[in-house]
>>> print(open('coords-v3.txt').read())   # compact mmCIF, C-alpha atoms and all ligand atoms
# COMPACT_ATOMS: atom_id res chain seq x y z
CA MET A 1 -27.01 -35.98 -7.83
CA LYS A 2 -27.36 -33.92 -11.01
CA ILE A 3 -27.42 -30.34 -12.20
CA THR A 4 -30.82 -29.96 -13.82
CA GLY A 5 -30.85 -26.34 -14.92
CA GLY A 6 -29.59 -22.86 -14.36
CA GLN A 7 -30.00 -19.19 -15.19
CA VAL A 8 -27.72 -16.21 -15.54
CA TYR A 9 -29.01 -12.85 -14.27
CA LEU A 10 -27.39 -9.62 -15.37
CA GLY A 11 -28.07 -6.41 -13.45
CA GLY A 12 -28.42 -4.94 -10.00
CA PRO A 13 -28.69 -1.70 -8.08
CA GLY A 14 -25.95 0.52 -9.50
CA LYS A 15 -23.92 -2.44 -10.83
CA ASN A 16 -24.33 -5.09 -13.51
CA TYR A 17 -23.91 -8.10 -11.27
CA VAL A 18 -23.59 -11.42 -13.13
CA THR A 19 -25.42 -13.91 -10.94
CA LEU A 20 -25.46 -17.61 -11.71
CA ARG A 21 -28.19 -19.76 -10.20
CA LEU A 22 -27.67 -23.52 -10.56
CA GLU A 23 -30.51 -25.96 -9.86
CA THR A 24 -30.16 -29.61 -8.88
CA ASP A 25 -32.41 -32.68 -8.81
CA GLN A 26 -32.35 -32.55 -4.99
CA GLY A 27 -33.89 -29.09 -4.86
CA ILE A 28 -30.65 -27.48 -3.66
CA VAL A 29 -29.78 -24.26 -5.48
CA GLY A 30 -26.20 -22.94 -5.77
CA LEU A 31 -25.31 -19.29 -6.35
CA GLY A 32 -22.27 -17.89 -8.13
CA ASP A 33 -20.94 -14.44 -9.03
CA GLY A 34 -19.20 -13.88 -12.38
CA THR A 35 -19.15 -10.07 -12.37
CA LEU A 36 -16.24 -8.63 -14.34
CA ASN A 37 -16.40 -4.87 -13.92
CA ASN A 38 -17.57 -3.10 -17.09
CA ARG A 39 -17.38 -6.24 -19.22
CA GLU A 40 -20.23 -8.05 -17.48
CA SER A 41 -22.28 -9.01 -20.53
CA LEU A 42 -19.33 -11.02 -21.89
CA THR A 43 -19.05 -13.26 -18.84
CA ALA A 44 -22.83 -13.66 -18.83
CA ALA A 45 -22.76 -14.78 -22.49
CA TYR A 46 -19.87 -17.19 -21.85
CA LEU A 47 -21.92 -18.75 -19.06
CA SER A 48 -25.27 -18.98 -20.81
CA ASP A 49 -24.08 -19.80 -24.36
CA TYR A 50 -21.32 -22.31 -23.57
CA ILE A 51 -21.05 -23.41 -19.98
CA LEU A 52 -24.60 -23.88 -18.73
CA PRO A 53 -25.63 -26.29 -21.51
CA MET A 54 -22.53 -28.43 -20.76
CA LEU A 55 -23.25 -28.56 -17.02
CA ILE A 56 -26.72 -30.05 -17.29
CA GLY A 57 -26.57 -33.68 -16.13
CA MET A 58 -23.22 -33.32 -14.34
CA ASP A 59 -22.82 -34.23 -10.66
CA PRO A 60 -22.44 -30.89 -8.81
CA ARG A 61 -20.50 -32.55 -5.99
CA ARG A 62 -17.57 -33.11 -8.37
CA SER A 63 -16.42 -29.49 -8.21
CA GLU A 64 -12.74 -30.35 -8.75
CA ASP A 65 -13.40 -32.37 -11.89
CA ILE A 66 -15.80 -29.74 -13.23
CA TRP A 67 -13.15 -27.04 -12.65
CA GLN A 68 -10.55 -29.09 -14.55
CA PHE A 69 -13.10 -29.83 -17.28
CA LEU A 70 -13.80 -26.11 -17.77
CA TYR A 71 -10.17 -24.96 -17.52
CA ARG A 72 -8.46 -27.66 -19.55
CA GLY A 73 -11.47 -28.05 -21.82
CA ALA A 74 -11.45 -24.39 -22.88
CA TYR A 75 -8.22 -25.02 -24.84
CA PHE A 76 -7.55 -21.24 -24.90
CA ARG A 77 -6.64 -20.94 -21.26
CA ARG A 78 -7.00 -18.19 -18.68
CA GLY A 79 -8.12 -14.62 -19.32
CA PRO A 80 -10.49 -12.67 -17.09
CA ILE A 81 -13.74 -13.42 -18.96
CA ALA A 82 -13.32 -17.20 -18.98
CA MET A 83 -11.91 -17.32 -15.45
CA ALA A 84 -14.78 -15.18 -14.11
CA ALA A 85 -17.26 -17.55 -15.76
CA PHE A 86 -15.49 -20.60 -14.25
CA GLY A 87 -15.37 -18.71 -10.95
CA ALA A 88 -19.15 -18.26 -10.97
CA VAL A 89 -19.68 -21.99 -11.56
CA ASP A 90 -17.17 -23.00 -8.93
CA ILE A 91 -18.65 -20.71 -6.26
CA ALA A 92 -22.12 -22.14 -7.00
CA LEU A 93 -20.82 -25.74 -6.74
CA TRP A 94 -19.21 -25.06 -3.33
CA ASP A 95 -22.49 -23.43 -2.22
CA ILE A 96 -24.34 -26.61 -3.21
CA LYS A 97 -21.75 -28.85 -1.54
CA ALA A 98 -21.95 -26.96 1.76
CA LYS A 99 -25.76 -26.83 1.67
CA LEU A 100 -25.80 -30.59 1.05
CA ALA A 101 -23.57 -31.07 4.09
CA GLY A 102 -25.75 -28.64 6.09
CA LEU A 103 -22.63 -26.66 7.03
CA PRO A 104 -21.36 -23.12 6.54
CA LEU A 105 -18.83 -23.24 3.72
CA TYR A 106 -15.78 -22.47 5.86
CA GLU A 107 -16.24 -25.80 7.68
CA LEU A 108 -15.37 -27.61 4.44
CA PHE A 109 -12.01 -25.80 4.26
CA GLY A 110 -10.98 -26.76 7.80
CA GLY A 111 -13.14 -24.53 9.98
CA ARG A 112 -12.63 -21.15 11.54
CA SER A 113 -9.20 -19.77 12.34
CA ARG A 114 -10.65 -16.54 13.77
CA ASP A 115 -13.93 -14.92 14.77
CA GLY A 116 -14.17 -11.69 12.81
CA CYS A 117 -12.05 -10.75 9.78
CA LEU A 118 -10.32 -7.37 9.46
CA VAL A 119 -11.66 -5.22 6.61
CA TYR A 120 -10.70 -1.89 5.11
CA ALA A 121 -12.80 0.92 3.65
CA HIS A 122 -11.91 3.54 1.02
CA ALA A 123 -11.29 7.09 2.18
CA THR A 124 -11.07 9.53 -0.72
CA GLY A 125 -10.94 13.26 -1.15
CA ALA A 126 -10.44 15.66 -4.02
CA ASP A 127 -8.06 17.46 -1.64
CA ILE A 128 -6.45 16.80 1.72
CA GLY A 129 -9.29 18.48 3.69
CA GLU A 130 -11.92 16.21 2.14
CA LEU A 131 -9.64 13.23 2.65
CA MET A 132 -9.27 13.93 6.38
CA ASP A 133 -13.08 14.11 6.73
CA SER A 134 -13.43 10.84 4.87
CA VAL A 135 -10.85 9.02 7.03
CA ALA A 136 -12.52 10.41 10.19
CA TYR A 137 -15.89 9.17 8.95
CA TRP A 138 -14.71 5.58 8.46
CA GLN A 139 -12.86 5.58 11.76
CA GLU A 140 -16.05 6.70 13.52
CA CYS A 141 -17.88 3.84 11.78
CA GLY A 142 -15.51 1.46 13.54
CA TYR A 143 -13.10 0.65 10.73
CA ARG A 144 -9.59 -0.14 11.89
CA ALA A 145 -8.06 0.06 8.42
CA VAL A 146 -8.62 2.58 5.63
CA ARG A 147 -7.30 2.93 2.09
CA VAL A 148 -6.26 6.55 1.61
CA GLN A 149 -6.50 8.17 -1.86
CA CYS A 150 -6.30 11.89 -2.49
CA GLY A 151 -6.58 14.18 -5.50
CA VAL A 152 -3.28 15.80 -6.40
CA PRO A 153 -3.12 19.56 -7.09
CA GLY A 154 -3.33 19.95 -10.84
CA MET A 155 -4.99 16.53 -11.31
CA PRO A 156 -7.84 16.30 -8.78
CA THR A 157 -9.50 13.19 -10.17
CA ALA A 158 -6.44 11.02 -10.72
CA GLY A 159 -4.92 8.84 -8.04
CA TYR A 160 -8.15 7.27 -6.99
CA ALA A 161 -11.18 5.84 -8.76
CA VAL A 162 -13.39 8.78 -9.77
CA PRO A 163 -16.79 7.31 -8.81
CA GLU A 164 -15.58 6.64 -5.29
CA ALA A 165 -14.90 10.32 -4.66
CA ALA A 166 -18.55 10.98 -4.03
CA GLY A 167 -18.17 12.07 -0.43
CA ALA A 168 -17.10 11.03 3.01
CA GLY A 169 -19.99 8.78 3.95
CA PRO A 170 -21.28 5.46 2.71
CA HIS A 171 -22.34 5.74 -0.87
CA TYR A 172 -23.56 3.36 -3.45
CA ILE A 173 -21.47 3.46 -6.55
CA THR A 174 -23.25 3.97 -9.83
CA ASP A 175 -20.67 4.31 -12.54
CA PHE A 176 -22.54 3.50 -15.72
CA SER A 177 -20.51 5.88 -17.80
CA GLY A 178 -21.65 4.70 -21.22
CA ILE A 179 -19.37 2.92 -23.64
CA ARG A 180 -16.89 5.78 -24.02
CA PRO A 181 -14.56 5.80 -21.03
CA ALA A 182 -13.98 8.89 -18.93
CA VAL A 183 -10.39 10.18 -19.18
CA GLU A 184 -8.20 10.97 -16.17
CA ILE A 185 -4.99 12.95 -16.58
CA TRP A 186 -1.90 11.67 -14.82
CA ASP A 187 1.37 13.40 -13.97
CA THR A 188 3.89 11.26 -12.08
CA ASP A 189 6.05 14.19 -10.92
CA ARG A 190 3.10 15.96 -9.28
CA TYR A 191 2.00 12.72 -7.65
CA MET A 192 5.49 11.96 -6.32
CA ARG A 193 5.84 15.50 -4.92
CA PHE A 194 2.45 15.54 -3.23
CA MET A 195 1.40 12.08 -2.06
CA PRO A 196 4.11 11.11 0.47
CA ASP A 197 3.46 14.30 2.42
CA ALA A 198 -0.34 13.85 2.21
CA LEU A 199 0.00 10.32 3.63
CA ALA A 200 2.30 11.60 6.38
CA ARG A 201 -0.31 14.22 7.34
CA VAL A 202 -2.99 11.55 7.62
CA ARG A 203 -0.71 9.48 9.85
CA ASP A 204 0.03 12.53 12.05
CA ARG A 205 -3.63 13.34 12.47
CA PHE A 206 -4.93 9.80 13.11
CA GLY A 207 -2.05 8.35 15.11
CA PRO A 208 -0.24 5.02 14.93
CA GLU A 209 -3.14 2.58 15.49
CA LEU A 210 -5.23 3.12 12.35
CA LYS A 211 -4.00 0.90 9.52
CA LEU A 212 -3.40 2.97 6.37
CA LEU A 213 -3.24 1.53 2.86
CA HIS A 214 -2.51 3.27 -0.44
CA ASP A 215 -3.20 2.19 -4.03
CA VAL A 216 -0.97 3.42 -6.89
CA HIS A 217 -3.06 1.71 -9.60
CA HIS A 218 -0.02 0.50 -11.56
CA ARG A 219 1.13 4.00 -12.54
CA LEU A 220 4.84 4.06 -11.67
CA THR A 221 7.93 2.65 -13.36
CA PRO A 222 10.08 0.28 -11.27
CA ARG A 223 12.55 3.08 -10.45
CA GLU A 224 9.81 5.55 -9.51
CA ALA A 225 8.10 2.91 -7.41
CA ALA A 226 11.31 2.28 -5.47
CA VAL A 227 11.72 6.03 -4.82
CA PHE A 228 8.07 6.36 -3.77
CA ALA A 229 8.20 3.31 -1.47
CA LYS A 230 11.29 4.67 0.28
CA SER A 231 9.70 8.07 0.73
CA VAL A 232 6.53 6.69 2.40
CA GLU A 233 8.37 4.42 4.86
CA PRO A 234 7.89 6.79 7.83
CA VAL A 235 4.09 6.55 7.30
CA ASN A 236 4.20 2.87 8.23
CA LEU A 237 1.67 1.79 5.60
CA TYR A 238 -0.14 -1.51 6.06
CA TRP A 239 0.44 -1.91 2.34
CA LEU A 240 1.38 -0.15 -0.85
CA GLU A 241 -0.81 -1.51 -3.63
CA ASP A 242 -0.02 -2.00 -7.33
CA PRO A 243 3.00 0.32 -7.45
CA THR A 244 3.93 -0.92 -10.96
CA PRO A 245 2.06 -2.56 -13.88
CA ALA A 246 1.17 -6.05 -12.72
CA GLU A 247 2.29 -7.94 -15.84
CA ASP A 248 5.98 -7.33 -15.10
CA GLN A 249 6.82 -9.65 -12.23
CA ASP A 250 10.46 -8.49 -12.22
CA ALA A 251 9.47 -4.88 -11.60
CA LEU A 252 9.22 -5.45 -7.85
CA ARG A 253 12.86 -6.44 -7.44
CA LEU A 254 14.18 -2.89 -7.45
CA LEU A 255 11.54 -1.78 -4.95
CA ARG A 256 12.38 -4.73 -2.69
CA HIS A 257 16.07 -3.84 -2.74
CA HIS A 258 15.36 -0.28 -1.61
CA SER A 259 12.40 -0.47 0.72
CA THR A 260 10.69 -2.64 3.30
CA VAL A 261 7.20 -1.22 2.61
CA PRO A 262 4.71 -4.14 2.39
CA VAL A 263 3.55 -4.63 -1.19
CA ALA A 264 0.10 -5.84 -2.31
CA ILE A 265 -0.57 -6.96 -5.89
CA GLY A 266 -2.97 -9.15 -7.80
CA GLU A 267 -6.46 -7.69 -8.35
CA VAL A 268 -6.05 -8.02 -12.12
CA PHE A 269 -4.58 -11.53 -12.00
CA ASN A 270 -6.72 -14.44 -13.05
CA SER A 271 -4.60 -17.48 -12.33
CA ILE A 272 -1.86 -18.87 -10.15
CA TRP A 273 0.44 -18.55 -13.18
CA ASP A 274 0.19 -14.75 -12.93
CA CYS A 275 1.54 -14.67 -9.40
CA ASN A 276 3.49 -17.84 -8.61
CA ARG A 277 6.83 -16.12 -9.23
CA LEU A 278 5.89 -13.08 -7.17
CA ILE A 279 4.94 -15.40 -4.33
CA GLU A 280 7.78 -17.92 -4.60
CA GLU A 281 10.44 -15.20 -4.86
CA GLU A 282 8.78 -13.37 -1.94
CA LEU A 283 8.48 -10.12 -3.90
CA ILE A 284 5.06 -9.33 -2.42
CA ASP A 285 3.48 -9.41 1.03
CA PHE A 286 -0.21 -9.59 0.13
CA ILE A 287 -1.98 -11.34 -2.73
CA ARG A 288 -5.00 -9.42 -4.04
CA VAL A 289 -6.76 -11.93 -6.33
CA ALA A 290 -10.56 -12.10 -6.40
CA VAL A 291 -12.54 -15.31 -6.13
CA THR A 292 -14.58 -14.34 -9.20
CA TYR A 293 -12.08 -13.68 -11.97
CA ALA A 294 -9.33 -15.86 -10.52
CA GLY A 295 -11.38 -18.96 -11.25
CA GLY A 296 -13.42 -19.45 -8.10
CA ILE A 297 -12.78 -21.00 -4.71
CA THR A 298 -11.02 -24.11 -6.06
CA HIS A 299 -8.30 -22.10 -7.79
CA VAL A 300 -7.96 -19.24 -5.30
CA LYS A 301 -7.56 -21.70 -2.44
CA ARG A 302 -4.51 -23.09 -4.27
CA ILE A 303 -3.08 -19.57 -4.53
CA VAL A 304 -3.73 -19.00 -0.82
CA ASP A 305 -1.95 -22.23 0.09
CA LEU A 306 1.07 -21.38 -2.09
CA ALA A 307 1.16 -17.88 -0.57
CA GLY A 308 1.12 -19.36 2.92
CA LEU A 309 4.41 -21.14 2.24
CA HIS A 310 6.08 -17.79 1.50
CA HIS A 311 4.80 -15.45 4.25
CA VAL A 312 2.38 -13.87 1.79
CA ARG A 313 -1.00 -13.02 3.33
CA THR A 314 -4.36 -12.56 1.66
CA GLY A 315 -5.94 -9.21 0.85
CA PHE A 316 -8.67 -10.17 -1.59
CA HIS A 317 -10.03 -7.58 -3.98
CA GLY A 318 -13.38 -6.26 -2.74
CA ALA A 319 -14.23 -3.32 -4.99
CA PRO A 320 -17.98 -2.66 -5.19
CA SER A 321 -18.12 -4.49 -8.52
CA HIS A 322 -18.17 -7.79 -6.60
CA SER A 323 -21.62 -8.98 -5.63
CA PRO A 324 -22.44 -10.16 -2.09
CA ILE A 325 -22.13 -13.73 -3.44
CA SER A 326 -18.39 -13.58 -4.19
CA MET A 327 -17.85 -11.37 -1.14
CA ALA A 328 -19.40 -14.21 0.88
CA ALA A 329 -17.15 -16.79 -0.84
CA GLN A 330 -14.15 -14.63 0.10
CA ALA A 331 -15.47 -14.19 3.65
CA HIS A 332 -15.55 -17.97 4.10
CA LEU A 333 -11.96 -18.24 2.82
CA ASN A 334 -10.95 -15.32 5.06
CA VAL A 335 -12.31 -16.88 8.23
CA TRP A 336 -10.43 -20.11 7.45
CA ALA A 337 -7.12 -19.01 5.82
CA PRO A 338 -4.20 -19.37 8.24
CA ASN A 339 -2.47 -16.64 6.24
CA PHE A 340 -5.43 -14.23 6.16
CA GLY A 341 -4.38 -10.56 6.10
CA ILE A 342 -7.25 -8.18 5.39
CA GLN A 343 -10.34 -7.88 3.16
CA GLU A 344 -11.25 -4.85 1.07
CA TYR A 345 -14.85 -4.18 1.95
CA LEU A 346 -16.95 -1.33 0.65
CA VAL A 347 -20.41 -0.85 1.98
CA LEU A 348 -22.58 -3.17 -0.07
CA GLY A 349 -25.41 -3.17 2.43
CA THR A 350 -27.77 -0.66 0.86
CA PRO A 351 -31.49 -1.54 1.15
CA ALA A 352 -31.72 -2.35 -2.57
CA CYS A 353 -28.65 -4.60 -2.47
CA ASP A 354 -29.85 -6.35 0.69
CA ALA A 355 -33.24 -6.95 -0.93
CA LEU A 356 -31.59 -8.61 -3.93
CA PHE A 357 -29.06 -10.62 -1.88
CA PRO A 358 -30.50 -11.25 1.60
CA SER A 359 -27.99 -12.57 4.14
CA ASP A 360 -27.04 -12.27 7.78
CA HIS A 361 -23.34 -11.71 7.26
CA ARG A 362 -22.53 -8.63 9.29
CA LEU A 363 -19.90 -5.99 9.77
CA ASP A 364 -19.24 -5.00 13.36
CA ASP A 365 -16.48 -2.83 14.79
CA GLY A 366 -14.32 -3.08 11.67
CA LEU A 367 -14.59 -6.87 11.49
CA PHE A 368 -16.61 -8.99 9.08
CA HIS A 369 -18.60 -11.79 10.75
CA VAL A 370 -19.53 -14.70 8.53
CA SER A 371 -23.00 -16.18 8.64
CA ASP A 372 -23.31 -19.71 10.05
CA ALA A 373 -26.11 -20.62 7.63
CA PRO A 374 -25.38 -23.67 5.42
CA GLY A 375 -23.54 -22.82 2.19
CA LEU A 376 -22.42 -19.31 1.33
CA GLY A 377 -25.09 -17.80 3.56
CA VAL A 378 -26.45 -15.51 0.83
CA ASP A 379 -29.75 -15.77 -1.02
CA PHE A 380 -30.80 -14.28 -4.33
CA ASP A 381 -34.31 -12.88 -4.80
CA VAL A 382 -35.33 -13.71 -8.36
CA ALA A 383 -38.41 -11.45 -8.27
CA GLU A 384 -36.25 -8.55 -7.13
CA ALA A 385 -33.75 -9.32 -9.92
CA ALA A 386 -36.49 -8.70 -12.52
CA ARG A 387 -36.32 -4.98 -11.61
CA TYR A 388 -32.86 -4.59 -13.12
CA GLU A 389 -31.39 -4.70 -16.57
CA TYR A 390 -27.91 -4.37 -18.06
CA VAL A 391 -26.55 -0.86 -18.52
CA ALA A 392 -23.32 -0.43 -20.50
CA GLY A 393 -20.33 1.18 -18.84
CA SER A 394 -16.60 1.50 -19.31
CA HIS A 395 -13.72 1.77 -16.92
CA PRO A 396 -11.98 5.18 -17.02
CA VAL A 397 -8.71 5.45 -18.91
CA VAL A 398 -5.62 7.46 -18.04
CA ARG A 399 -3.59 9.75 -20.31
CA LEU A 400 -0.58 11.94 -19.68
CA GLU A 401 -1.05 15.69 -20.21
CA ASP A 402 0.27 15.43 -23.77
CA GLY A 403 -2.32 12.75 -24.58
CA THR A 404 -0.12 9.65 -24.23
CA MET A 405 -2.08 6.63 -22.92
CA TRP A 406 -1.00 5.49 -19.46
CA ASN A 407 -1.82 2.66 -17.06
CA TYR A 408 -5.06 2.80 -15.13
C1 LIG B 1 -9.26 -1.51 -5.73
C2 LIG B 1 -9.23 -1.30 -7.21
C3 LIG B 1 -10.31 -0.40 -7.67
C4 LIG B 1 -10.38 -0.45 -9.22
C5 LIG B 1 -11.55 -1.22 -9.73
C6 LIG B 1 -11.44 -1.48 -11.20
O1 LIG B 1 -8.19 -1.61 -5.15
O2 LIG B 1 -10.35 -1.62 -5.20
O3 LIG B 1 -7.97 -0.84 -7.63
O4 LIG B 1 -10.05 0.88 -7.15
O5 LIG B 1 -10.46 0.81 -9.75
O6 LIG B 1 -11.67 -2.40 -9.03
O7 LIG B 1 -12.51 -2.23 -11.67
MG MG B 2 -6.53 -1.63 -6.34
>>> encode(input="coords-v3.txt", output="structure tokens")
Amino acid sequence: MKITGGQVYLGGPGKNYVTLRLETDQGIVGLGDGTLNNRESLTAAYLSDYILPMLIGMDPRRSEDIWQFLYRGAYFRRGPIAMAAFGAVDIALWDIKAKLAGLPLYELFGGRSRDGCLVYAHATGADIGELMDSVAYWQECGYRAVRVQCGVPGMPTAGYAVPEAAGAGPHYITDFSGIRPAVEIWDTDRYMRFMPDALARVRDRFGPELKLLHDVHHRLTPREAAVFAKSVEPVNLYWLEDPTPAEDQDALRLLRHHSTVPVAIGEVFNSIWDCNRLIEEELIDFIRVAVTYAGGITHVKRIVDLAGLHHVRTGFHGAPSHSPISMAAQAHLNVWAPNFGIQEYLVLGTPACDALFPSDHRLDDGLFHVSDAPGLGVDFDVAEAARYEYVAGSHPVVRLEDGTMWNY
């Protein structure tokens, strides 16, 4: 069996999805997602200029060897752009492999460990009133877990991703902000004074059953993070996400010594080498890598297995920048992983998105149900793709009030 050709598509409704379509001499087509939020054209170029020409003639069933070829063969290892490109190829190869076997992908990992997989939505509000409405909305939709982000008096757009603050209901995120990033202002003291009480009020109003998560977006120092974690303990969070900048794997030690709040980290990691210490030293409870920019299914499955040895559960990144292709790859891992925790899942199912990526994966009662179709269970409509083109955008940046750059 041989790879005979392939194309990279860049664009989509409200997002620049990077979609890889690999063709084989047996007529089977594999789909991959290489979307790297706001740097999409770079992954697309890596794929079409370097990787695709090398893949022609290779046997697509040899996904392990092709992964090693790409990773070791790059010489300059890791980094989100390369790993997202390898991720796209790897997802497409697993899609081909499962289609060849005539099985849904999860069967190749060891089969189902559960029926539906727990997901969480994003509740956001510029103030506490809006936030309460947003949480109520998602609860009424059947979600059993909600990430809770709220504007802080004096800095209403910081503390949560700006484009997601568009209202309580389902919304499709269009954040093509142009090349110049929007600026958010951050003030740690205000955040520390306001947020623990806001989270406590949400818990009081919605009771003990609803799982509540909170994302700090890497903005605290280790000492501040320890203070914050201690102060939110009564809220009984499902997790506290990215309390400190993710590069510093030692930063979590102080928090761990002072609090038992579950910690989730990893959405910006792109290899097992970014998180092996966090996992092996049991400094985190959830690993947040994404199947796209952590090198695809082959590599992420290794991270999941390592995590399983250390009581660390999965909580894969599922921001709306991921296309339904990588969300499907994650869904297949989720339904298999013995150490599955939760999946971030924002409503991708708008009519335009469904037309571009038809599938019968479904969300029901707060659980994600994986399609039993062979492969990933997602298609890609090439004619529909022709409607979209790349639009430049940049991730917002964060500054302190005096102008100092801070962590997003
Ligand atoms: C999350 C992330 C998002 C990020 C976005 C950056 O937990 O979903 O932190 O909120 O802002 O993914 O590209
Ligand atoms: Mg996050």
>>> axis_aligned_box(input="coords-v3.txt", around="ligand LIG 1 (chain B)", padding_each_side="6 Å", output="JSON")
{"center_x": -10.2, "center_y": -0.8, "center_z": -8.4, "size_x": 16.5, "size_y": 15.3, "size_z": 18.5}
>>> residues_near_ligand(input="coords-v3.txt", ligand="ligand LIG 1 (chain B)", cutoff="9 Å", atoms="all atoms listed in the file", output="PDB file with C-alpha atoms, keeping the file's coordinate frame")
ATOM      1  CA  LEU A  36     -16.240  -8.630 -14.340  1.00  0.00           C
ATOM      2  CA  ASN A  37     -16.400  -4.870 -13.920  1.00  0.00           C
ATOM      3  CA  ASN A  38     -17.570  -3.100 -17.090  1.00  0.00           C
ATOM      4  CA  HIS A 122     -11.910   3.540   1.020  1.00  0.00           C
ATOM      5  CA  ARG A 147      -7.300   2.930   2.090  1.00  0.00           C
ATOM      6  CA  TYR A 160      -8.150   7.270  -6.990  1.00  0.00           C
ATOM      7  CA  ALA A 161     -11.180   5.840  -8.760  1.00  0.00           C
ATOM      8  CA  VAL A 162     -13.390   8.780  -9.770  1.00  0.00           C
ATOM      9  CA  GLU A 164     -15.580   6.640  -5.290  1.00  0.00           C
ATOM     10  CA  HIS A 214      -2.510   3.270  -0.440  1.00  0.00           C
ATOM     11  CA  ASP A 215      -3.200   2.190  -4.030  1.00  0.00           C
ATOM     12  CA  VAL A 216      -0.970   3.420  -6.890  1.00  0.00           C
ATOM     13  CA  HIS A 217      -3.060   1.710  -9.600  1.00  0.00           C
ATOM     14  CA  HIS A 218      -0.020   0.500 -11.560  1.00  0.00           C
ATOM     15  CA  GLU A 241      -0.810  -1.510  -3.630  1.00  0.00           C
ATOM     16  CA  ASP A 242      -0.020  -2.000  -7.330  1.00  0.00           C
ATOM     17  CA  GLU A 267      -6.460  -7.690  -8.350  1.00  0.00           C
ATOM     18  CA  VAL A 268      -6.050  -8.020 -12.120  1.00  0.00           C
ATOM     19  CA  ARG A 288      -5.000  -9.420  -4.040  1.00  0.00           C
ATOM     20  CA  HIS A 317     -10.030  -7.580  -3.980  1.00  0.00           C
ATOM     21  CA  GLY A 318     -13.380  -6.260  -2.740  1.00  0.00           C
ATOM     22  CA  ALA A 319     -14.230  -3.320  -4.990  1.00  0.00           C
ATOM     23  CA  PRO A 320     -17.980  -2.660  -5.190  1.00  0.00           C
ATOM     24  CA  SER A 321     -18.120  -4.490  -8.520  1.00  0.00           C
ATOM     25  CA  HIS A 322     -18.170  -7.790  -6.600  1.00  0.00           C
ATOM     26  CA  GLU A 344     -11.250  -4.850   1.070  1.00  0.00           C
ATOM     27  CA  TYR A 345     -14.850  -4.180   1.950  1.00  0.00           C
ATOM     28  CA  LEU A 346     -16.950  -1.330   0.650  1.00  0.00           C
ATOM     29  CA  HIS A 395     -13.720   1.770 -16.920  1.00  0.00           C
ATOM     30  CA  PRO A 396     -11.980   5.180 -17.020  1.00  0.00           C
ATOM     31  CA  TYR A 408      -5.060   2.800 -15.130  1.00  0.00           C
TER      32      TYR A 408
END
>>> residues_around(input="coords-v3.txt", residues="A:Leu31", least_positions_apart="4", cutoff="8 Å", atoms="only C-alpha atoms", output="PDB file with C-alpha atoms, keeping the file's coordinate frame")
ATOM      1  CA  THR A  19     -25.420 -13.910 -10.940  1.00  0.00           C
ATOM      2  CA  LEU A  20     -25.460 -17.610 -11.710  1.00  0.00           C
ATOM      3  CA  ARG A  21     -28.190 -19.760 -10.200  1.00  0.00           C
ATOM      4  CA  LEU A  22     -27.670 -23.520 -10.560  1.00  0.00           C
ATOM      5  CA  ALA A  88     -19.150 -18.260 -10.970  1.00  0.00           C
ATOM      6  CA  ILE A  91     -18.650 -20.710  -6.260  1.00  0.00           C
ATOM      7  CA  ALA A  92     -22.120 -22.140  -7.000  1.00  0.00           C
ATOM      8  CA  LEU A  93     -20.820 -25.740  -6.740  1.00  0.00           C
ATOM      9  CA  ASP A  95     -22.490 -23.430  -2.220  1.00  0.00           C
ATOM     10  CA  ILE A 325     -22.130 -13.730  -3.440  1.00  0.00           C
ATOM     11  CA  ASP A 379     -29.750 -15.770  -1.020  1.00  0.00           C
ATOM     12  CA  PHE A 380     -30.800 -14.280  -4.330  1.00  0.00           C
TER      13      PHE A 380
END
>>> closest_residue(input="coords-v3.txt", among="A:Ser371, A:Gln149, A:Ser231, A:Asn276", to="ligand MG 2 (chain B)", atoms="all atoms listed in the file")
A:Gln149
>>> closest_residue(input="coords-v3.txt", among="A:Gly6, A:Pro222, A:Gly129, A:Pro243", to="ligand MG 2 (chain B)", atoms="only C-alpha atoms and all ligand atoms")
A:Pro243
>>> closest_residue(input="coords-v3.txt", among="A:Ile265, A:Met405, A:Leu367, A:Glu280", to="ligand MG 2 (chain B)", atoms="all atoms listed in the file")
A:Ile265
>>> closest_residue(input="coords-v3.txt", among="A:Ala352, A:Met155, A:Ala290, A:Ala198", to="ligand MG 2 (chain B)", atoms="only C-alpha atoms and all ligand atoms")
A:Ala290
>>> atom_distance(input="coords-v3.txt", atom1="atom CA of A:Leu199", atom2="atom CA of A:Val235")
6.7 Å
>>> closest_residue(input="coords-v3.txt", among="A:Ile303, A:Leu55, A:Leu356, A:Ala264", to="ligand MG 2 (chain B)", atoms="all atoms listed in the file")
A:Ala264
>>> residues_near_point(input="coords-v3.txt", point="(-5.8, -20.1, -4.8)", cutoff="12 Å", atoms="only C-alpha atoms", output="VMD selection string")
chain A and resid 87 266 269 to 276 279 287 to 308 313 to 314 316 330 333 337
>>> closest_residue(input="coords-v3.txt", among="A:Trp138, A:Tyr46, A:Phe86, A:Trp239", to="ligand MG 2 (chain B)", atoms="all atoms listed in the file")
A:Trp239
>>> residues_around(input="coords-v3.txt", residues="A:Arg114", least_positions_apart="3", cutoff="9 Å", atoms="only C-alpha atoms", output="short mmCIF file (atom, residue, chain, number, x, y, z; two decimals) with C-alpha atoms, in the frame of the given file")
data_model
loop_
_atom_site.label_atom_id
_atom_site.label_comp_id
_atom_site.auth_asym_id
_atom_site.auth_seq_id
_atom_site.Cartn_x
_atom_site.Cartn_y
_atom_site.Cartn_z
CA CYS A 117 -12.05 -10.75 9.78
CA ASN A 334 -10.95 -15.32 5.06
CA VAL A 335 -12.31 -16.88 8.23
CA TRP A 336 -10.43 -20.11 7.45
CA PRO A 338 -4.20 -19.37 8.24
#
